[in-house]
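Step one of this worksheet: look at the structure below.
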Amino acid sequence: DGHTYDRHAIEQWLAMNPVSPKTGEKLSDTRLVPNHNLRRLLEDLVKQNPEALYTADPMQPDRSFALCEEKLLVMKCLGPPDSDWNERRFHVTPRGALGGRRQPEELAERDFVPFTDNTVSRRHFEVRYDERKRRFFLKDLGSAGGTFVRIKYGKSRVLQPGMMILLGKHQFRVSLPGGEAGAGDAGAKGHAGAAAEGDKADAEGAAGPRSP
């Protein structure tokens, strides 16, 4: 509609309302176009005049607000086409996020990412931010189908005992000669997934089939 919105907010709006939030008119095309000019202006403002990011609270003159930078991870769904999340995104802040079919009573300030299809367990995954390492981590919460991270073409990862690998529909488990990963396999615990090199998210335990 020619206006600029926060991407996460407008995606949520368009998922429920195929009309312009500004004019109320029905949109013939709901594709989003990034406003690179506005982004560059904001980046220049942050670099050149950060004091301008403060604004007074009109209700309490002795208070002021500030626009601050925050780590943000954007997760975009690439399919399948019949998924409720297809082409949609959700954002993860340092507060973290939980995903699944059922929202827990206690989120501990984390965001909840809801799913409706049965391929996702009631408590499926968690994304958390490690302040010390300054990185986001992905963890499976005992889901039935598991949580896997795709490795980029041409990239490689170190194989460790206990890793689960999904090749097409075929699932493999990495172990030492003799079978199962033993208790003395340092580094094997909690590393049953593979993270793509260069990504900000690390897999930390893709679970094999078990009850959701």
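Residue numbering restarts at 1 in every chain; chains get A, B, ... in the order shown in the structure tokens, and ligands count up from 1 in that same order.
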**Message:** Residues near Trp13 of chain A, anyone? I mean within 12 Å using only C-alpha atoms, not counting same-chain ones fewer than 6 positions away, as a list in words.
**Reply:** Tyr5, Asp6, Arg7, Val19, Ser20, Pro21, Lys22, Gly24, Thr30 and Arg88 of chain A
Could the residues in this selection be written to a file with C-alpha atoms, as a short mmCIF file (atom, residue, chain, number, x, y, z; two decimals), in the first residue's frame?
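Output file part-v1.cif follows:
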data_model
loop_
_atom_site.label_atom_id
_atom_site.label_comp_id
_atom_site.auth_asym_id
_atom_site.auth_seq_id
_atom_site.Cartn_x
_atom_site.Cartn_y
_atom_site.Cartn_z
CA TYR A 5 5.74 -1.10 8.64
CA ASP A 6 7.69 -3.27 11.03
CA ARG A 7 8.16 -6.48 9.05
CA VAL A 19 -6.17 -5.44 3.69
CA SER A 20 -4.07 -2.34 4.26
CA PRO A 21 -3.80 -1.50 7.98
CA LYS A 22 -3.51 2.16 6.97
CA GLY A 24 -8.48 -0.62 5.09
CA THR A 30 0.61 -8.90 -0.38
CA ARG A 88 5.95 -16.49 7.39
#
**Asked** Mind checking DSSP for segment 80-187 of chain A and telling me the strand (DSSP E) residues as a PyMOL selection string?
**Response** chain A and resi 89-92+97-100+111-114+125-130+135-140+164-167+170-173
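Separating atom CA of Gly142 of chain A from atom CA of Leu98 of chain A is a distance of 12.6 Å.
For the choices A:Gln60, A:Gln12, A:Thr4, A:Thr119, the atom-to-atom distance to Pro34 of chain A is smallest for A:Thr4 when using only C-alpha atoms.
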**Two-atom distance - atom CA of Lys71 of chain A, atom CA of Phe136 of chain A (Å)** = 9.3 Å
**Item:** Interatomic distance (Å, one decimal) between atom CA of Arg123 of chain A and atom CA of Ala15 of chain A
**Value:**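 These atoms are spaced 23.7 Å apart.
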**Message:** Need the shell around Val113 of chain A: protein/DNA/RNA residues with any atom at most 9 Å away, counting only C-alpha atoms. Skip same-chain ones fewer than 2 positions apart. Format as a ChimeraX atom specification?
**Reply:** /A:90,97-101,103,111,115
Take the selection from the previous step and output its residues with N, CA, C and O atoms, as an mmCIF file, in the first residue's frame.
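After the write, out-v2.cif holds the following:
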data_model
loop_
_atom_site.group_PDB
_atom_site.id
_atom_site.type_symbol
_atom_site.label_atom_id
_atom_site.label_comp_id
_atom_site.auth_asym_id
_atom_site.auth_seq_id
_atom_site.Cartn_x
_atom_site.Cartn_y
_atom_site.Cartn_z
ATOM 1 N N PHE A 90 9.109 -15.800 12.278
ATOM 2 C CA PHE A 90 8.990 -15.406 13.673
ATOM 3 C C PHE A 90 10.358 -14.950 14.150
ATOM 4 O O PHE A 90 11.389 -15.385 13.642
ATOM 5 N N ALA A 97 12.686 -18.406 23.049
ATOM 6 C CA ALA A 97 11.380 -18.808 22.541
ATOM 7 C C ALA A 97 11.181 -20.307 22.714
ATOM 8 O O ALA A 97 12.139 -21.082 22.687
ATOM 9 N N LEU A 98 9.920 -20.698 22.889
ATOM 10 C CA LEU A 98 9.510 -22.093 22.916
ATOM 11 C C LEU A 98 8.553 -22.328 21.764
ATOM 12 O O LEU A 98 7.758 -21.449 21.424
ATOM 13 N N GLY A 99 8.612 -23.508 21.143
ATOM 14 C CA GLY A 99 7.717 -23.818 20.031
ATOM 15 C C GLY A 99 7.049 -25.159 20.212
ATOM 16 O O GLY A 99 7.647 -26.109 20.731
ATOM 17 N N GLY A 100 5.787 -25.249 19.783
ATOM 18 C CA GLY A 100 5.053 -26.500 19.876
ATOM 19 C C GLY A 100 3.572 -26.281 19.662
ATOM 20 O O GLY A 100 3.130 -25.189 19.293
ATOM 21 N N ARG A 101 2.782 -27.343 19.894
ATOM 22 C CA ARG A 101 1.335 -27.255 19.696
ATOM 23 C C ARG A 101 0.592 -26.734 20.929
ATOM 24 O O ARG A 101 -0.545 -26.303 20.814
ATOM 25 N N GLN A 103 0.813 -24.257 24.360
ATOM 26 C CA GLN A 103 1.557 -23.232 25.096
ATOM 27 C C GLN A 103 1.635 -23.596 26.577
ATOM 28 O O GLN A 103 0.608 -23.852 27.221
ATOM 29 N N ASP A 111 9.086 -16.042 24.438
ATOM 30 C CA ASP A 111 7.983 -15.998 23.484
ATOM 31 C C ASP A 111 7.565 -17.425 23.133
ATOM 32 O O ASP A 111 8.369 -18.357 23.201
ATOM 33 N N PHE A 115 2.195 -23.947 16.736
ATOM 34 C CA PHE A 115 1.985 -24.776 15.552
ATOM 35 C C PHE A 115 0.685 -25.560 15.745
ATOM 36 O O PHE A 115 0.280 -25.823 16.885
#
**Asked** If we count only C-alpha atoms, what is near Arg31 of chain A at a cut-off of 10 Å, once residues fewer than 3 positions away on the same chain are taken out, given as a ChimeraX atom specification?
**Response** /A:11,14,27-28
**Prompt:** Nearest to Glu43 of chain A: which of A:Glu69, A:Asp117, A:Gly145, A:Pro58 is it, counting only C-alpha atoms?
**Reply:**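 Ranking A:Glu69, A:Asp117, A:Gly145, A:Pro58 by distance to Glu43 of chain A, first place goes to A:Glu69.
Candidate residues A:Arg89, A:Leu159, A:Pro104, A:His3 were compared for distance to Leu38 of chain A, and the nearest is A:His3, using only C-alpha atoms.
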**Request:** Check the smallest atom-to-atom distance from each of A:Lys26, A:Arg132, A:His91, A:Arg39 to Phe112 of chain A using only C-alpha atoms, then report the winner.
**Result:**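 With only C-alpha atoms as the atom set, the closest residue is A:His91.
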**Message:** Can you pull out every residue from segment 13-187 of chain A that DSSP, working from the backbone, puts in helix (DSSP H, G or I), and format the result as a ChimeraX atom specification?
**Reply:** /A:13-16,36-48,50-53
